[in-house]
Each structure stands twice: as C-alpha cells, then as structure tokens.
Amino acid sequence: MFKSATFRLTASYLGILMAISIIFSLVLYNVSVHELHNDLRRQLPYFQQFQTDDSFGQGFAGFETQQEITSKHRLQIQLILVNLIILVAAGGASYWLARRSLKPIEEALEAQSRFTADASHELRTPLTAMKSEIEVALRDPKLSPKDTKALLASNLEEINKLETLSNGLLRLAQHNSEDDKAFSAVSLAKVSTDAVERMSTVIKSRPVKVFNEVEPTMVWGDRQHLTEVLAILLDNAIKYSPAKSSVRLTSRVQGNFAYLSVHDKGKGIGAEDLPHIFDRFYRADTSRSKDKTGGYGLGLSIAKKIAELHGGSIEATSQLGKGSVFTLKLPLSIDS
Ligand code: ADP
C-alpha cells in the first residue's frame with residue numbers, strides 16, 4: 001500500500017516540478033527568440049553602410065534567417081538538456097520527499113496495527129481460558145455444586161482481568177489530546193497527597209512504607225491527570241517492592257521545570273528492559289504473572305502520554321535488585 005502511495009506521491013511531485021520547469025523553459029525560449037530577432041534587426045543598418053546595392057536586403061534576410069535557425073536550434077537543445085537534468089534530479093528529490101512525507105504516517109499505522117494485535121492477544125487469553133473451562137464443565141455430567149462454584153470463581157477472576165484491561169485501554173484512548181485537560185497552576189504537594197490517598201488501599205494491603213516529601217511547587221497542568229500519573233508510579237513502586245521496604249516521593253526545581261521522583265527499593269529493572277518499559281503491553285518480568293501484579297503493561301504508557309501532553313516527560317533509572325527511580329518532569333507554572 002505504501003509502495004504505491006510513495007510512487008503516486010513521487011509522480012505528483014515530479015509532475016509539478018517538471019510542469020514548472022517546462023513552463024519556465026518555454027517562457028525563456030520565447031523571450032530569447034524575440035531578443036535574438038530584435039538583435040539581428042538592429043544589426044541591419046550596420047551591414048547596410050558597407051553594401052549599397054539592392055541584393056543586400058535579400059542577402060541579409062538569408063543571413064538573418066540562417067542565424068536565427070541555428071541559434072534557435074542551439075537554444076532548444078540546451079533547454080532540452082537542462083530539462084532532462086532537472087527530470088533526473090527532481091525524480092530523486094521527489095522520491096526522497098515522498099518517503100519523508102509518508103514515513104510518519106507509515107510508522108503511526110504500524111504502531112496502530114501492533115497495538116490492535118497486542119490488545120486482541122491480551123483480550124483473547126482470558127476469553128480462551130474461560131471458554132475452555134466452561135466447555136469442560138458442560139461436558140461433565142457429574143458436575144457438583146462445589147465444582148460449579150470453583151468454575152464461577154475462576155471465571156470471575158478472568159472477568160476482573162478483562163475489566164482491568166478494558167479500563168487500561170479506555171484510559172489510554174482518553175489521553176490522546178490536550179482538549180479534555182483543564183490546565184491551571186497545580187501544587188505538586190497536593191498532587192502527591194491526592195495520589196497517596198488514592199492508593200491508600202494498596203498501601204494498606206502491602207507492608208511497604210510511603211514517605212511523602214514533595215514540596216508545594218506550582219506546576220502547569222491538570223490536577224486529576226497528574227494525580228493519575230503519580231498513582232501509576234506509586235502503584236508500581238509498591239507492587240514491585242518487597243515487604244517492609246520503603247517508597248519515597250521527592251521533588252526539586254531546576255530551570256523552568258519541576259521534577260517529581262518516586263524512589264523504591266524494589267526488584268529493579270534490567271538494562272535490557274529499561275528502554276522498553278514505557279511501551280504499551282511491555283512487562284519486564286513476565287515470569288511474575290499478571291495474577292500476582294495485576295498489570296498489563298499499560299500503566300507506564302498511560303503515564304508517559306499524560307506527561308507528554310503536559311509538555312513534560314518521564315524517565316526511569318534502575319538497578320536490578322536495588323530499586324528504581326521514576327522521575328516526572330513538568331513545566332513550572334508561569335506564576336511561580
Ligand atoms: P504493569 O501494569 O505491568 O505494571 P506498567 O506499564 O506500569 O505495567 O509497567 C511496565 C513494566 O515495567 C512492569 O511490568 C514492570 O516489569 C516494570 N516496572 C514498572 N515500574 C517498576 C518498578 N517500580 N520496579 C520494577 N519494575 C517496574
């Protein structure tokens with residue numbers, strides 16, 4: 001599809017360039033021929049002063065026509081040559097331009113189809129598990145109420161996974177534009193308090209201590225969405241930390257930006273995984289199943305998208321077995 005689009009775009013660019021070149025050549029040719037004709041006309045009195053008989057007029061006319069024809073030929077050949085050179089150069093340039101124009105579209109389409117394939121795969125896994133469990137149960141003539149209950153419990157677990165996944169997909173789709181954001185001056189301290197509050201059930205369920213040392217620095221953003229980013233980072237920090245360890249939230253200001261960091265002493269992320277953790281559906285350690293961590297690899301991509309919509313970014317540093325630091329960079333509020 002993209003090959004033919006590239007070809008068509010190249011042909012269109014080339015057509016436009018050649019049309020300009022040909023029109024320019026025709027104008028140049030006509031002007032030059034006109035000038036040449038006038039030049040030769042102007043030379044007539046000069047020749048007349050040497051020759052006075054009647055045959056001169058005819059002789060000069062012959063000379064003039066011959067000169068004109070030769071010059072016109074030379075000009076035509078030169079213009080054809082120049083246009084051929086332009087055709088070759090413009091062909092190359094048009095192809096390069098067409099590739100350049102279509103590349104971002106091609107990449108976006110590729111990412112979209114990769115995302116659809118990943119999402120379908122993730123949706124299919126719990127559905128297949130449920131389907132096969134139900135089929136086996138239906139084939140069993142001696143299915144006891146206890147077995148039925150176990151089956152329903154297992155199905156409910158799969159449904160919960162599907163719900164988590166569809167919520168994640170929905171959140172990812174929601175954060176596609178800046179339009180729905182209510183940007184204003186927001187205190188980072190308020191954002192961190194909101195996030196800790198939102199994660200209070202998770203914090204209580206795990207023996208991990210959370211220290212909130214975030215300063216009331218004013219940034220420019222949407223309080224709700226920034227809370228969501230921090231909740232994602234906090235959730236991960238708690239989820240991937242061993243019991244009795246601690247998670248710290250800190251902030252600092254540098255230049256026109258505020259930096260909010262979430263430090264954990266958890267299992268860390270390997271150097272080979274670190275560049276990919278913000279990709280959709282990427283999970284560094286697949287041996288730790290979703291059942292344990294409840295993740296689908298969507299959290300960090302949602303967080304990254306929100307940060308970018310704020311004109312900021314998220315970066316991670318980590319050491320396997322020692323812990324990780326996720327830092328959210330946000331533009332300071334103009335009033336601060
Ligand atoms: P998930 O829902 O799987 O946690 P995320 O997008 O939030 O998805 O994270 C992607 C992957 O990055 C996780 O599966 C995990 O392997 C890794 N990760 C994220 N945060 C941390 C952390 N604080 N410590 C260790 N690994 C982490």
# chains A, B, ... in the order shown; residues from 1 in each chain; ligands from 1

call {"tool": "closest_atom_pairs", "arguments": {"of": "chain A", "to": "ligand 1", "cutoff": "6 Å", "atoms": "only C-alpha atoms and all ligand atoms", "output": "tab-separated table"}}
result
residue	atom	partner	partner_atom_place_in_ligand_line	distance
A:Asn236	CA	ligand 1	20 (N)	4.6
A:Ala237	CA	ligand 1	23 (N)	3.9
A:Tyr240	CA	ligand 1	24 (N)	4.8
A:Gly266	CA	ligand 1	24 (N)	5.7
A:Lys267	CA	ligand 1	25 (C)	5.5
A:Gly268	CA	ligand 1	25 (C)	4.4
A:Ile269	CA	ligand 1	26 (N)	5.1
A:Ile277	CA	ligand 1	12 (O)	4.6
A:Tyr282	CA	ligand 1	10 (C)	5.5
A:Arg283	CA	ligand 1	14 (O)	3.4
A:Ala284	CA	ligand 1	16 (O)	3.5
A:Asp285	CA	ligand 1	16 (O)	4.9
A:Gly295	CA	ligand 1	2 (O)	3.0
A:Tyr296	CA	ligand 1	2 (O)	4.4
A:Gly297	CA	ligand 1	8 (O)	3.0
A:Leu298	CA	ligand 1	6 (O)	4.3
A:Gly299	CA	ligand 1	7 (O)	3.7
A:Leu300	CA	ligand 1	6 (O)	3.7
A:Ser301	CA	ligand 1	6 (O)	5.7
A:Ser324	CA	ligand 1	23 (N)	5.6

call {"tool": "select_by_dssp", "arguments": {"residues": "region 62-240 of chain A", "states": "helix (DSSP H, G or I)", "output": "PyMOL selection string"}}
result
chain A and resi 62-139+145-174+188-198+200-205+223-239

call {"tool": "residues_around", "arguments": {"residues": "region 105-109 of chain A", "least_positions_apart": "4", "cutoff": "8 Å", "atoms": "only C-alpha atoms", "output": "PyMOL selection string"}}
result
chain A and resi 2+101+113

call {"tool": "write_last_selection", "arguments": {"atoms": "N, CA, C and O atoms", "output": "PDB file, in the first residue's frame"}}
result
ATOM      1  N   PHE A   2       1.916   1.240   0.888  1.00  0.00           N
ATOM      2  CA  PHE A   2       2.776   2.424   0.983  1.00  0.00           C
ATOM      3  C   PHE A   2       3.689   2.569  -0.221  1.00  0.00           C
ATOM      4  O   PHE A   2       4.062   3.678  -0.575  1.00  0.00           O
ATOM      5  N   SER A 101       7.586  12.352   3.575  1.00  0.00           N
ATOM      6  CA  SER A 101       6.216  12.741   3.921  1.00  0.00           C
ATOM      7  C   SER A 101       5.427  11.550   4.450  1.00  0.00           C
ATOM      8  O   SER A 101       4.604  11.695   5.348  1.00  0.00           O
ATOM      9  N   SER A 113      -1.430  -0.885  14.223  1.00  0.00           N
ATOM     10  CA  SER A 113      -1.771  -2.293  13.987  1.00  0.00           C
ATOM     11  C   SER A 113      -1.078  -3.196  15.013  1.00  0.00           C
ATOM     12  O   SER A 113      -1.641  -4.216  15.416  1.00  0.00           O
TER      13      SER A 113
END

call {"tool": "atom_distance", "arguments": {"atom1": "CA of Leu170 (chain A)", "atom2": "CA of Asp279 (chain A)"}}
result
16.3 Å

call {"tool": "residues_around", "arguments": {"residues": "Ala153 (chain A)", "least_positions_apart": "5", "cutoff": "12 Å", "atoms": "only C-alpha atoms", "output": "compact mmCIF listing (two decimals) with N, CA and C atoms, in the first residue's frame"}}
result
# COMPACT_ATOMS: atom_id res chain seq x y z
N MET A 130 -11.61 -18.89 29.90
CA MET A 130 -13.00 -19.04 30.35
C MET A 130 -13.74 -20.05 29.49
N GLU A 133 -12.72 -23.68 30.18
CA GLU A 133 -13.22 -24.13 31.49
C GLU A 133 -14.71 -24.44 31.42
N ILE A 134 -15.46 -23.57 30.75
CA ILE A 134 -16.92 -23.76 30.65
C ILE A 134 -17.22 -25.01 29.80
N LYS A 146 -20.02 -27.75 44.17
CA LYS A 146 -18.70 -27.23 44.58
C LYS A 146 -17.84 -26.90 43.35
N ASP A 147 -17.87 -27.83 42.37
CA ASP A 147 -17.11 -27.59 41.12
C ASP A 147 -17.65 -26.37 40.38
N THR A 148 -18.98 -26.25 40.40
CA THR A 148 -19.62 -25.12 39.72
C THR A 148 -19.17 -23.80 40.35
N GLU A 158 -11.12 -14.15 35.68
CA GLU A 158 -10.82 -13.78 34.29
C GLU A 158 -11.57 -12.52 33.88
N ILE A 159 -12.82 -12.41 34.36
CA ILE A 159 -13.63 -11.21 34.03
C ILE A 159 -12.99 -9.98 34.65
N ASN A 160 -12.47 -10.13 35.86
CA ASN A 160 -11.77 -9.00 36.51
C ASN A 160 -10.57 -8.56 35.69

call {"tool": "residues_around", "arguments": {"residues": "Ser12 (chain A)", "least_positions_apart": "6", "cutoff": "12 Å", "atoms": "only C-alpha atoms", "output": "number ranges by chain"}}
result
A: 5-6, 18-19, 90-91, 94-95, 97-98

call {"tool": "atom_distance", "arguments": {"atom1": "CA of Asp222 (chain A)", "atom2": "CA of Met199 (chain A)"}}
result
18.6 Å

call {"tool": "residues_around", "arguments": {"residues": "Leu26 (chain A)", "least_positions_apart": "5", "cutoff": "10 Å", "atoms": "only C-alpha atoms", "output": "PDB file with C-alpha atoms, in the first residue's frame"}}
result
ATOM      1  CA  SER A  21      10.457  23.692 -15.407  1.00  0.00           C
ATOM      2  CA  VAL A  31      11.906  35.712 -24.753  1.00  0.00           C
ATOM      3  CA  SER A  32      15.318  34.631 -26.118  1.00  0.00           C
ATOM      4  CA  GLN A  76      16.232  24.169 -27.990  1.00  0.00           C
ATOM      5  CA  LEU A  79      16.765  23.693 -22.876  1.00  0.00           C
TER       6      LEU A  79
END

call {"tool": "atom_distance", "arguments": {"atom1": "CA of Ala258 (chain A)", "atom2": "CA of Val325 (chain A)"}}
result
15.4 Å

call {"tool": "residues_around", "arguments": {"residues": "Glu228 (chain A)", "least_positions_apart": "2", "cutoff": "9 Å", "atoms": "only C-alpha atoms", "output": "JSON, numbers by chain"}}
result
{"A": [191, 195, 198, 223, 224, 225, 226, 230, 231, 232, 233, 303, 306]}

call {"tool": "select_by_dssp", "arguments": {"residues": "region 211-313 of chain A", "states": "strand (DSSP E)", "output": "list in words"}}
result
Phe211, Asn212, Glu213, Met218, Val219, Trp220, Gly221, Ser246, Val247, Arg248, Leu249, Thr250, Ser251, Arg252, Val253, Gln254, Phe257, Ala258, Tyr259, Leu260, Ser261, Val262, His263, Asp264 and Ser313 of chain A

call {"tool": "write_last_selection", "arguments": {"atoms": "N, CA, C and O atoms", "output": "compact mmCIF listing (two decimals), in the first residue's frame"}}
result
# COMPACT_ATOMS: atom_id res chain seq x y z
N PHE A 211 6.83 7.48 52.12
CA PHE A 211 7.22 8.78 52.68
C PHE A 211 6.98 9.86 51.62
O PHE A 211 7.59 9.81 50.55
N ASN A 212 6.09 10.79 51.96
CA ASN A 212 5.77 11.85 51.00
C ASN A 212 6.52 13.13 51.37
O ASN A 212 6.16 13.80 52.32
N GLU A 213 7.60 13.44 50.61
CA GLU A 213 8.40 14.64 50.92
C GLU A 213 8.29 15.68 49.80
O GLU A 213 9.21 16.46 49.57
N MET A 218 4.58 24.92 42.32
CA MET A 218 3.43 25.06 41.41
C MET A 218 3.84 24.70 39.98
O MET A 218 4.79 25.26 39.45
N VAL A 219 3.11 23.75 39.41
CA VAL A 219 3.36 23.38 38.01
C VAL A 219 2.12 23.71 37.19
O VAL A 219 1.06 23.98 37.74
N TRP A 220 2.26 23.65 35.88
CA TRP A 220 1.15 23.96 34.99
C TRP A 220 0.57 22.64 34.48
O TRP A 220 1.24 21.88 33.81
N GLY A 221 -0.67 22.34 34.90
CA GLY A 221 -1.23 21.06 34.47
C GLY A 221 -2.64 20.81 34.94
O GLY A 221 -3.32 21.70 35.44
N SER A 246 10.68 0.62 51.67
CA SER A 246 10.02 1.94 51.70
C SER A 246 10.00 2.58 50.31
O SER A 246 10.85 2.29 49.46
N VAL A 247 9.03 3.45 50.12
CA VAL A 247 8.91 4.20 48.87
C VAL A 247 8.92 5.68 49.24
O VAL A 247 8.24 6.09 50.18
N ARG A 248 9.76 6.46 48.52
CA ARG A 248 9.86 7.90 48.85
C ARG A 248 9.42 8.75 47.67
O ARG A 248 9.80 8.48 46.52
N LEU A 249 8.64 9.80 47.99
CA LEU A 249 8.26 10.75 46.94
C LEU A 249 8.99 12.05 47.22
O LEU A 249 8.87 12.59 48.33
N THR A 250 9.77 12.54 46.25
CA THR A 250 10.52 13.79 46.47
C THR A 250 10.31 14.73 45.28
O THR A 250 9.83 14.30 44.23
N SER A 251 10.67 16.01 45.49
CA SER A 251 10.58 16.94 44.35
C SER A 251 11.72 17.94 44.39
O SER A 251 12.31 18.17 45.45
N ARG A 252 12.02 18.50 43.24
CA ARG A 252 13.05 19.56 43.15
C ARG A 252 12.73 20.43 41.94
O ARG A 252 11.92 20.02 41.07
N VAL A 253 13.37 21.60 41.91
CA VAL A 253 13.15 22.52 40.78
C VAL A 253 14.49 22.75 40.09
O VAL A 253 15.52 22.90 40.74
N GLN A 254 14.47 22.73 38.78
CA GLN A 254 15.69 23.03 38.01
C GLN A 254 15.29 23.74 36.73
O GLN A 254 14.48 23.20 35.96
N PHE A 257 11.60 23.83 35.07
CA PHE A 257 10.87 22.58 35.29
C PHE A 257 10.91 22.11 36.74
O PHE A 257 11.87 22.39 37.47
N ALA A 258 9.85 21.40 37.10
CA ALA A 258 9.82 20.75 38.42
C ALA A 258 10.00 19.25 38.17
O ALA A 258 9.55 18.73 37.14
N TYR A 259 10.68 18.60 39.09
CA TYR A 259 10.94 17.16 38.94
C TYR A 259 10.37 16.44 40.15
O TYR A 259 10.76 16.74 41.28
N LEU A 260 9.44 15.51 39.90
CA LEU A 260 8.85 14.75 40.99
C LEU A 260 9.32 13.30 40.85
O LEU A 260 9.10 12.67 39.82
N SER A 261 10.00 12.81 41.90
CA SER A 261 10.55 11.45 41.78
C SER A 261 9.91 10.48 42.75
O SER A 261 9.58 10.83 43.88
N VAL A 262 9.78 9.24 42.27
CA VAL A 262 9.28 8.15 43.12
C VAL A 262 10.43 7.15 43.24
O VAL A 262 10.85 6.56 42.24
N HIS A 263 10.96 7.03 44.47
CA HIS A 263 12.11 6.14 44.69
C HIS A 263 11.60 4.86 45.36
O HIS A 263 10.87 4.94 46.33
N ASP A 264 12.03 3.72 44.84
CA ASP A 264 11.69 2.48 45.57
C ASP A 264 12.93 1.61 45.72
O ASP A 264 13.93 1.82 45.03
N SER A 313 7.88 15.01 30.68
CA SER A 313 8.33 13.67 30.30
C SER A 313 8.48 12.81 31.57
O SER A 313 8.39 13.33 32.68

call {"tool": "closest_residue", "arguments": {"among": "A:His175, A:Lys322, A:Lys190, A:Arg99", "to": "Ser4 (chain A)", "atoms": "only C-alpha atoms"}}
result
A:Arg99

call {"tool": "closest_residue", "arguments": {"among": "A:Leu156, A:Arg42, A:Gly168, A:Ser71", "to": "Phe281 (chain A)", "atoms": "only C-alpha atoms"}}
result
A:Gly168
